[in-house]
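Asks: Got data.cif for you, mmCIF, C-alpha atoms:
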data_input
loop_
_atom_site.label_atom_id
_atom_site.label_comp_id
_atom_site.auth_asym_id
_atom_site.auth_seq_id
_atom_site.Cartn_x
_atom_site.Cartn_y
_atom_site.Cartn_z
CA MET A 1 37.74 84.73 175.77
CA ARG A 2 38.58 85.52 172.15
CA ARG A 3 39.88 88.93 172.77
CA PRO A 4 43.44 88.17 174.02
CA ARG A 5 44.08 85.78 171.13
CA ARG A 6 43.01 88.31 168.56
CA LYS A 7 45.25 90.82 170.23
CA ALA A 8 48.20 88.43 170.05
CA GLU A 9 47.67 88.06 166.31
CA GLU A 10 47.46 91.82 165.91
CA THR A 11 50.65 92.28 167.90
CA ARG A 12 52.35 89.68 165.71
CA GLU A 13 51.27 91.57 162.60
CA ASP A 14 52.46 94.87 164.09
CA ILE A 15 55.87 93.36 164.84
CA LEU A 16 56.19 91.97 161.32
CA ALA A 17 55.18 95.24 159.68
CA THR A 18 57.54 97.28 161.87
CA ALA A 19 60.45 94.86 161.38
CA GLU A 20 59.94 94.98 157.63
CA VAL A 21 60.06 98.77 157.54
CA LEU A 22 63.23 98.72 159.64
CA PHE A 23 64.89 96.02 157.48
CA ARG A 24 64.02 98.05 154.40
CA LYS A 25 65.55 101.17 155.92
CA GLN A 26 68.72 99.87 157.55
CA GLY A 27 69.09 96.21 156.56
CA ILE A 28 68.67 93.03 158.60
CA ALA A 29 72.10 92.92 160.25
CA LYS A 30 71.75 96.41 161.69
CA SER A 31 68.19 95.94 162.99
CA SER A 32 67.94 94.33 166.41
CA ILE A 33 64.93 92.94 168.22
CA ALA A 34 65.47 95.81 170.69
CA ASP A 35 65.18 98.37 167.83
CA ILE A 36 61.94 96.79 166.66
CA ALA A 37 60.55 96.77 170.22
CA GLN A 38 61.51 100.41 170.68
CA GLN A 39 59.71 101.43 167.47
CA LEU A 40 56.60 99.70 168.73
CA GLY A 41 56.90 101.09 172.25
CA MET A 42 57.00 97.60 173.73
CA SER A 43 59.62 95.60 175.63
CA PRO A 44 62.08 93.33 173.76
CA ALA A 45 60.74 90.49 175.93
CA ASN A 46 57.31 91.06 174.41
CA VAL A 47 58.73 90.77 170.89
CA PHE A 48 60.64 87.62 171.87
CA LYS A 49 57.36 86.14 173.12
CA HIS A 50 56.14 86.21 169.51
CA PHE A 51 59.41 85.48 167.74
CA HIS A 52 62.03 83.54 169.67
CA THR A 53 64.87 84.54 167.31
CA LYS A 54 65.54 87.15 164.69
CA GLY A 55 65.70 84.24 162.25
CA ALA A 56 62.09 83.31 163.07
CA LEU A 57 61.05 86.91 162.46
CA VAL A 58 62.85 87.06 159.11
CA ASP A 59 61.32 83.72 158.20
CA ALA A 60 57.80 85.00 158.91
CA ILE A 61 58.41 88.14 156.81
CA CYS A 62 59.69 86.06 153.88
CA ASP A 63 56.72 83.77 154.19
CA ARG A 64 54.29 86.66 153.87
CA HIS A 65 56.05 87.80 150.71
CA VAL A 66 56.11 84.34 149.19
CA ARG A 67 52.40 83.77 149.89
CA ARG A 68 51.38 87.16 148.54
CA MET A 69 53.39 86.67 145.38
CA VAL A 70 52.17 83.16 144.71
CA ASP A 71 48.57 84.10 145.54
CA ARG A 72 48.66 86.49 142.62
CA PHE A 73 49.45 83.48 140.42
CA GLY A 74 46.76 81.22 141.84
CA SER A 75 44.17 83.08 139.80
CA PHE A 76 46.28 82.91 136.67
CA ASP A 77 44.14 80.24 135.00
CA ASP A 78 45.15 80.60 131.39
CA PRO A 79 43.51 78.22 128.93
CA ALA A 80 46.33 78.75 126.38
CA PRO A 81 48.38 75.69 125.33
CA ALA A 82 51.29 74.91 127.70
CA PRO A 83 54.06 75.96 125.26
CA GLU A 84 52.46 79.43 125.08
CA ARG A 85 51.72 79.57 128.81
CA LEU A 86 55.21 78.61 129.96
CA PRO A 87 57.05 81.77 128.78
CA LEU A 88 54.17 83.95 130.03
CA VAL A 89 54.16 82.39 133.49
CA VAL A 90 57.96 82.65 133.75
CA CYS A 91 57.98 86.26 132.63
CA LYS A 92 55.21 87.26 135.07
CA LEU A 93 56.97 85.39 137.84
CA MET A 94 60.26 87.12 137.04
CA GLU A 95 58.57 90.54 137.07
CA ALA A 96 56.91 89.82 140.42
CA HIS A 97 60.28 88.74 141.88
CA LEU A 98 61.98 91.80 140.43
CA GLN A 99 59.40 94.12 141.98
CA ASP A 100 59.76 92.40 145.33
CA ILE A 101 63.55 92.62 145.42
CA ARG A 102 63.46 96.28 144.31
CA ASP A 103 60.99 97.13 147.07
CA ASN A 104 62.82 95.00 149.65
CA PRO A 105 66.56 94.94 148.98
CA PHE A 106 67.07 93.15 152.30
CA PHE A 107 66.15 89.88 150.55
CA LEU A 108 69.59 89.95 149.00
CA GLU A 109 71.19 90.49 152.41
CA LEU A 110 69.21 87.53 153.71
CA ILE A 111 70.85 85.18 151.23
CA PHE A 112 74.25 86.16 152.46
CA LEU A 113 73.38 86.31 156.15
CA MET A 114 71.60 83.00 156.31
CA PRO A 115 72.84 80.61 153.66
CA LYS A 116 73.00 77.71 156.09
CA THR A 117 69.99 78.44 158.27
CA ASP A 118 67.48 76.63 156.04
CA LEU A 119 64.57 78.94 156.73
CA ALA A 120 61.27 77.13 156.46
CA SER A 121 60.06 79.92 154.16
CA GLY A 122 62.82 79.02 151.69
CA GLN A 123 61.59 75.45 151.33
CA ARG A 124 57.99 76.63 151.10
CA TYR A 125 59.00 79.08 148.42
CA ARG A 126 60.68 76.35 146.36
CA ASP A 127 57.63 74.12 146.76
CA LEU A 128 55.24 76.85 145.59
CA ILE A 129 57.39 77.71 142.57
CA GLU A 130 57.64 74.05 141.61
CA GLU A 131 53.87 73.78 141.93
CA LEU A 132 53.42 76.59 139.39
CA PHE A 133 55.74 74.83 136.93
CA ARG A 134 54.15 71.45 137.61
CA ASP A 135 50.74 72.90 136.72
CA VAL A 136 51.93 74.11 133.33
CA ILE A 137 53.89 70.94 132.55
CA SER A 138 51.09 68.57 133.53
CA ALA A 139 48.60 70.61 131.49
CA GLY A 140 50.98 70.18 128.53
CA ILE A 141 51.20 66.43 129.12
CA LYS A 142 47.42 66.08 129.38
CA SER A 143 46.88 67.91 126.11
CA GLY A 144 49.49 65.67 124.47
CA VAL A 145 51.86 68.49 123.52
CA TYR A 146 54.55 67.73 126.16
CA ARG A 147 56.14 64.31 126.58
CA CYS A 148 57.43 63.41 130.00
CA ASP A 149 57.76 60.17 131.97
CA ASP A 150 58.63 61.57 135.36
CA LEU A 151 56.66 64.73 136.11
CA ASP A 152 58.28 65.34 139.52
CA ALA A 153 61.85 65.06 138.25
CA VAL A 154 61.19 67.17 135.14
CA THR A 155 59.44 69.82 137.24
CA GLN A 156 62.49 70.05 139.49
CA HIS A 157 64.88 70.38 136.56
CA VAL A 158 62.73 72.97 134.83
CA SER A 159 62.49 75.02 138.05
CA ALA A 160 66.27 74.81 138.45
CA ALA A 161 66.80 75.87 134.82
CA PHE A 162 64.87 79.09 135.53
CA ALA A 163 66.92 80.01 138.64
CA SER A 164 68.78 82.73 136.74
CA VAL A 165 65.55 84.68 136.17
CA LEU A 166 64.05 84.18 139.64
CA HIS A 167 66.81 84.23 142.25
CA PRO A 168 67.45 87.67 143.81
CA VAL A 169 71.19 87.40 143.07
CA PHE A 170 70.53 87.48 139.33
CA LEU A 171 67.67 89.95 139.51
CA ALA A 172 69.96 92.42 141.25
CA GLU A 173 72.66 92.31 138.60
CA ALA A 174 70.81 92.15 135.27
CA THR A 175 68.60 94.67 133.47
CA GLU A 176 64.90 93.96 133.01
CA GLU A 177 65.49 93.64 129.27
CA GLU A 178 68.22 91.04 129.74
CA LEU A 179 66.00 89.13 132.16
CA LYS A 180 63.10 89.10 129.72
CA ALA A 181 65.32 87.81 126.92
CA ARG A 182 66.63 85.13 129.28
CA CYS A 183 63.08 84.09 130.27
CA ALA A 184 62.15 83.69 126.61
CA GLY A 185 65.40 81.88 125.76
CA ILE A 186 65.22 79.33 128.57
CA ALA A 187 61.47 78.83 128.00
CA GLY A 188 62.34 78.14 124.34
CA LEU A 189 64.84 75.46 125.37
CA VAL A 190 62.41 73.89 127.85
CA ASN A 191 59.58 73.95 125.29
CA ALA A 192 61.79 72.29 122.66
CA ALA A 193 62.94 69.71 125.24
CA LEU A 194 59.46 68.80 126.50
CA GLN A 195 58.03 68.54 122.98
CA SER A 196 60.94 66.41 121.78
CA PRO A 197 60.64 62.64 121.29
CA LEU A 198 63.85 62.48 123.39
CA ALA A 199 62.13 63.99 126.45
CA LYS A 200 62.10 61.65 129.40
CA MET B 201 116.38 97.80 133.63
CA ARG B 202 114.25 94.67 134.02
CA ARG B 203 114.80 94.21 137.67
CA PRO B 204 112.44 96.81 139.15
CA ARG B 205 109.63 95.64 136.91
CA ARG B 206 110.05 92.04 137.93
CA LYS B 207 110.07 93.15 141.51
CA ALA B 208 106.82 95.04 141.01
CA GLU B 209 105.21 91.90 139.65
CA GLU B 210 106.49 89.89 142.58
CA THR B 211 105.15 92.48 145.03
CA ARG B 212 101.80 92.35 143.25
CA GLU B 213 101.72 88.58 143.61
CA ASP B 214 102.68 88.83 147.29
CA ILE B 215 99.86 91.28 147.93
CA LEU B 216 97.33 89.06 146.17
CA ALA B 217 98.44 85.93 148.05
CA THR B 218 98.40 87.72 151.42
CA ALA B 219 95.03 89.34 150.77
CA GLU B 220 93.57 86.00 149.80
CA VAL B 221 94.75 84.34 153.02
CA LEU B 222 93.29 87.22 155.02
CA PHE B 223 89.96 87.15 153.16
CA ARG B 224 89.77 83.42 153.75
CA LYS B 225 90.42 83.89 157.47
CA GLN B 226 88.28 86.91 158.32
CA GLY B 227 86.23 87.76 155.24
CA ILE B 228 86.48 90.66 152.80
CA ALA B 229 84.57 93.29 154.80
CA LYS B 230 86.79 92.91 157.85
CA SER B 231 90.10 92.93 155.94
CA SER B 232 91.46 96.39 155.20
CA ILE B 233 94.28 97.45 152.90
CA ALA B 234 96.08 98.47 156.11
CA ASP B 235 95.76 94.89 157.47
CA ILE B 236 97.18 93.46 154.27
CA ALA B 237 100.07 95.94 154.30
CA GLN B 238 100.82 95.12 157.92
CA GLN B 239 100.95 91.39 157.20
CA LEU B 240 103.46 92.09 154.43
CA GLY B 241 105.49 94.53 156.49
CA MET B 242 104.93 97.30 153.95
CA SER B 243 103.14 100.63 154.02
CA PRO B 244 99.46 100.90 152.98
CA ALA B 245 100.62 103.46 150.39
CA ASN B 246 102.76 100.76 148.80
CA VAL B 247 99.76 98.43 148.52
CA PHE B 248 97.66 101.26 147.07
CA LYS B 249 100.36 101.79 144.43
CA HIS B 250 99.52 98.33 143.09
CA PHE B 251 95.78 98.30 143.77
CA HIS B 252 94.01 101.64 143.90
CA THR B 253 90.93 100.23 145.65
CA LYS B 254 89.98 97.16 147.61
CA GLY B 255 87.60 96.42 144.74
CA ALA B 256 90.55 96.24 142.32
CA LEU B 257 92.32 93.84 144.67
CA VAL B 258 89.26 91.61 144.98
CA ASP B 259 88.84 91.74 141.22
CA ALA B 260 92.43 90.56 140.66
CA ILE B 261 91.97 87.68 143.13
CA CYS B 262 88.77 86.57 141.42
CA ASP B 263 90.46 86.78 138.07
CA ARG B 264 93.24 84.43 139.20
CA HIS B 265 90.64 81.90 140.34
CA VAL B 266 88.63 82.14 137.15
CA ARG B 267 91.71 81.68 134.96
CA ARG B 268 93.01 78.74 136.97
CA MET B 269 89.69 77.01 136.90
CA VAL B 270 89.08 77.53 133.21
CA ASP B 271 92.68 76.59 132.34
CA ARG B 272 91.96 73.15 133.73
CA PHE B 273 89.17 72.89 131.16
CA GLY B 274 91.19 74.14 128.21
CA SER B 275 92.89 70.76 127.96
CA PHE B 276 89.59 68.92 128.23
CA ASP B 277 89.49 67.93 124.56
CA ASP B 278 87.03 65.08 124.63
CA PRO B 279 86.22 63.44 121.28
CA ALA B 280 82.92 62.05 122.62
CA PRO B 281 79.69 63.18 120.91
CA ALA B 282 78.32 66.51 122.22
CA PRO B 283 75.27 64.98 123.99
CA GLU B 284 77.65 62.81 126.04
CA ARG B 285 80.15 65.59 126.58
CA LEU B 286 77.65 68.18 127.80
CA PRO B 287 76.70 66.49 131.12
CA LEU B 288 80.37 65.62 131.75
CA VAL B 289 81.58 69.18 131.18
CA VAL B 290 78.80 70.59 133.37
CA CYS B 291 79.48 68.12 136.17
CA LYS B 292 83.24 68.77 136.12
CA LEU B 293 82.59 72.50 136.05
CA MET B 294 80.19 72.24 138.99
CA GLU B 295 82.74 70.23 140.99
CA ALA B 296 85.49 72.75 140.28
CA HIS B 297 83.19 75.59 141.39
CA LEU B 298 82.18 73.67 144.50
CA GLN B 299 85.80 73.08 145.47
CA ASP B 300 86.61 76.74 144.92
CA ILE B 301 83.74 78.05 147.05
CA ARG B 302 84.53 75.54 149.81
CA ASP B 303 88.17 76.61 149.88
CA ASN B 304 87.26 80.30 149.58
CA PRO B 305 83.96 81.07 151.26
CA PHE B 306 84.61 84.78 150.75
CA PHE B 307 83.32 84.39 147.17
CA LEU B 308 79.85 84.27 148.64
CA GLU B 309 80.50 87.44 150.63
CA LEU B 310 81.69 89.10 147.43
CA ILE B 311 78.33 88.61 145.77
CA PHE B 312 76.59 90.42 148.56
CA LEU B 313 79.22 93.11 149.04
CA MET B 314 79.56 94.02 145.41
CA PRO B 315 76.41 93.25 143.46
CA LYS B 316 76.49 96.58 141.65
CA THR B 317 80.22 97.07 141.20
CA ASP B 318 80.43 95.11 137.95
CA LEU B 319 83.89 93.68 138.55
CA ALA B 320 85.74 93.06 135.30
CA SER B 321 86.49 89.54 136.53
CA GLY B 322 82.75 88.81 136.65
CA GLN B 323 82.31 89.61 132.97
CA ARG B 324 85.45 87.65 132.08
CA TYR B 325 84.12 84.73 134.07
CA ARG B 326 80.82 84.76 132.20
CA ASP B 327 82.65 84.97 128.87
CA LEU B 328 84.89 82.00 129.69
CA ILE B 329 81.97 79.85 130.85
CA GLU B 330 80.02 80.71 127.72
CA GLU B 331 83.05 79.76 125.64
CA LEU B 332 83.10 76.30 127.22
CA PHE B 333 79.43 75.79 126.40
CA ARG B 334 79.84 77.26 122.92
CA ASP B 335 82.61 74.70 122.20
CA VAL B 336 80.38 71.76 123.08
CA ILE B 337 77.33 73.15 121.28
CA SER B 338 79.21 74.01 118.09
CA ALA B 339 80.86 70.56 118.09
CA GLY B 340 77.34 69.10 118.30
CA ILE B 341 76.15 71.27 115.42
CA LYS B 342 79.15 70.33 113.26
CA SER B 343 78.56 66.63 113.81
CA GLY B 344 74.88 67.11 112.91
CA VAL B 345 73.52 65.94 116.25
CA TYR B 346 72.47 69.39 117.54
CA ARG B 347 70.24 71.76 115.58
CA CYS B 348 70.62 75.44 116.23
CA ASP B 349 70.24 78.56 114.11
CA ASP B 350 71.74 81.12 116.44
CA LEU B 351 74.79 79.72 118.25
CA ASP B 352 75.43 82.85 120.32
CA ALA B 353 71.87 83.17 121.60
CA VAL B 354 71.55 79.45 122.37
CA THR B 355 74.93 79.47 124.15
CA GLN B 356 73.72 82.31 126.36
CA HIS B 357 70.47 80.55 127.22
CA VAL B 358 72.21 77.25 127.92
CA SER B 359 74.73 79.00 130.21
CA ALA B 360 71.87 80.73 132.03
CA ALA B 361 69.99 77.43 132.41
CA PHE B 362 72.99 75.99 134.29
CA ALA B 363 73.26 78.90 136.76
CA SER B 364 71.78 76.81 139.56
CA VAL B 365 74.72 74.38 139.45
CA LEU B 366 77.48 76.97 139.01
CA HIS B 367 76.64 80.09 141.00
CA PRO B 368 78.11 80.17 144.55
CA VAL B 369 74.69 80.96 146.05
CA PHE B 370 73.36 77.56 144.98
CA LEU B 371 76.57 75.66 145.65
CA ALA B 372 76.49 76.86 149.25
CA GLU B 373 72.98 75.64 149.95
CA ALA B 374 72.71 72.27 148.17
CA THR B 375 74.43 68.93 148.75
CA GLU B 376 76.87 67.55 146.18
CA GLU B 377 74.40 64.77 145.40
CA GLU B 378 71.58 67.23 144.71
CA LEU B 379 73.90 69.28 142.53
CA LYS B 380 74.94 66.25 140.49
CA ALA B 381 71.32 65.24 139.94
CA ARG B 382 70.55 68.81 138.89
CA CYS B 383 73.49 68.84 136.43
CA ALA B 384 72.25 65.63 134.84
CA GLY B 385 68.63 66.82 134.78
CA ILE B 386 69.29 70.19 133.16
CA ALA B 387 71.79 68.62 130.73
CA GLY B 388 69.03 66.16 129.80
CA LEU B 389 66.64 69.03 129.05
CA VAL B 390 69.27 70.92 127.04
CA ASN B 391 70.22 67.78 125.10
CA ALA B 392 66.58 67.05 124.28
CA ALA B 393 66.07 70.68 123.25
CA LEU B 394 69.14 70.92 121.00
CA GLN B 395 68.39 67.60 119.30
CA SER B 396 64.76 68.50 118.73
CA PRO B 397 63.43 69.59 115.35
CA LEU B 398 61.91 72.51 117.28
CA ALA B 399 65.35 73.84 118.33
CA LYS B 400 66.05 77.28 117.00
#
Show me the file's structure as structure tokens.
Replies:
Amino acid sequence: MRRPRRKAEETREDILATAEVLFRKQGIAKSSIADIAQQLGMSPANVFKHFHTKGALVDAICDRHVRRMVDRFGSFDDPAPAPERLPLVVCKLMEAHLQDIRDNPFFLELIFLMPKTDLASGQRYRDLIEELFRDVISAGIKSGVYRCDDLDAVTQHVSAAFASVLHPVFLAEATEEELKARCAGIAGLVNAALQSPLAK
Amino acid sequence: MRRPRRKAEETREDILATAEVLFRKQGIAKSSIADIAQQLGMSPANVFKHFHTKGALVDAICDRHVRRMVDRFGSFDDPAPAPERLPLVVCKLMEAHLQDIRDNPFFLELIFLMPKTDLASGQRYRDLIEELFRDVISAGIKSGVYRCDDLDAVTQHVSAAFASVLHPVFLAEATEEELKARCAGIAGLVNAALQSPLAK
């Protein structure tokens, strides 16, 4: 009884992998479900059975990328004090994003194609990024080096402050050197803010 | 002798205004120089005489928007202390950007169409925004409330930290309420940082 289910999962993976190659080659807008089906030698109806819309397919591809990227950070258990960890985490995160957008330029197209679609992967991405920042900030609070009354609010503001080193739009238009300097500069501001008696 | 020149300037203005209406209606990608010429009842060659490429035309339109927006801030000579001024300036700037992107959704298209073209208006925009932040920060330093060794570097980092309330990509996907909370939150971080003994 298990066999058909396993096959469905394999088919799903095949569709995702094929769609990703096609998106990489000719962009999202120019790749249709029919093109993807043709590449796989299956009927468009079969693809639709797994992904009801192209949006759902794009969402699943983004989700895979987000999970893979964040998984690499799950093991990043650095015992260094938070003010030292923060710039390192940001810089590693920026480099991972930069690699991903260089390998998959269709992420930039996605932002323009689907600004209003609210892909579930987008929200999950923001949650995972905030979790990474929350980890560093709460470690800093526990060790007494950061002051902060409202961890959730501060985490959100810190994540937002780093948008210009993480969002594909900025990664596409700046050099790696500029991005690194920006990571260090914003981390410096955030570190000064969170260690300040004025921090809320 | 002045007449032909004045006429050239008027023609230039007519082309810009017509192109902008067309971009607003059908987007940049779908509007050709030929369409713009047709709307004006002139030959495409005549339009090309004023703007050698569509990129140059787009650049000139962006430039007009940037100048108009920043001009509104030139007169914003608030005597309030820098830590009070900063969140106000950011919030006003965010609202002006939001209005501009709502009235002209083609700005979002621009970012996707021309990420690598390095429009001159883009650099001028960044310079003008940095100038606004530099004004507030240097006023804060003069009055002794902000501490900062390197005004230029700090201005750049502060500008970058506010990207998520100014860049069209973020304005298009967040609500006005979220954006206001983000303005206040990041301004709070920057204020705490610049008033901290740790500020560099």
Asks: Hey, what comes out of the PyMOL selection byres ((chain B) within 7 of (chain A)) on this file? Could you write it as a list in words?
Replies: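 On the file shown, the PyMOL selection byres ((chain B) within 7 of (chain A)) covers Glu309, Phe312, Pro315, Lys316, His357, Ala360, Ala361, Phe362, Ala363, Ser364, Ala372, Glu373, Arg382, Gly385, Ile386, Leu389, Val390, Ala392, Ala393, Ser396, Leu398 and Ala399 of chain B.
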Asks: Which residue, B:Glu378, B:Asp303, B:Asp350, B:Glu331, has the smallest gap to Glu220 in chain B when you use only C-alpha atoms?
Replies: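 Closest to Glu220 in chain B, using only C-alpha atoms: B:Asp303.
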Asks: With a distance cut-off of 8 Å and all atoms listed in the file, select the neighbouring residues of Ser243 in chain B, excluding the residue or stretch itself and same-chain residues fewer than 5 positions from it, and output the selection as a ChimeraX atom specification.
Replies: /B:234,237-238
Asks: Store the residues picked out above in a file with C-alpha atoms, as a short mmCIF file (atom, residue, chain, number, x, y, z; two decimals), keeping the file's coordinate frame.
Replies:
data_model
loop_
_atom_site.label_atom_id
_atom_site.label_comp_id
_atom_site.auth_asym_id
_atom_site.auth_seq_id
_atom_site.Cartn_x
_atom_site.Cartn_y
_atom_site.Cartn_z
CA ALA B 234 96.08 98.47 156.11
CA ALA B 237 100.07 95.94 154.30
CA GLN B 238 100.82 95.12 157.92
#
Asks: I would like the residues chosen by the PyMOL selection byres ((chain A and resi 48-64) around 10) on the shown file; could you give them as a PyMOL selection string?
Replies: chain A and resi 8-9+11-13+15-17+19-20+23+28-29+31-34+37+43-47+65-69+107+110+114+117-122+124-125
Asks: Just how far from CA of Gln123 in chain A is CA of Ile301 in chain B, in Å to one decimal?
Replies: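 For CA of Ile301 in chain B relative to CA of Gln123 in chain A, the distance reads 22.7 Å.
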Asks: For the structure provided, state which residues fall under the PyMOL selection byres ((chain A and resi 99) around 12), and present them as a list in words.
Replies: His65, Met69, Lys92, Leu93, Met94, Glu95, Ala96, His97, Leu98, Asp100, Ile101, Arg102, Asp103, Asn104, Pro105, Phe107, Leu166, Pro168, Leu171, Ala172 and Glu176 of chain A
Asks: Kindly indicate which residue among B:Ala339, B:Glu210, B:Phe333, B:Thr218 lies nearest to Asp352 in chain B, using only C-alpha atoms for the distances.
Replies: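 Selected residue with least distance to Asp352 in chain B: B:Phe333.
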Asks: Quick one, how far is CA of Asp271 in chain B from CA of Ile337 in chain B?
Replies: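 Between CA of Asp271 in chain B and CA of Ile337 in chain B the gap is 19.2 Å.
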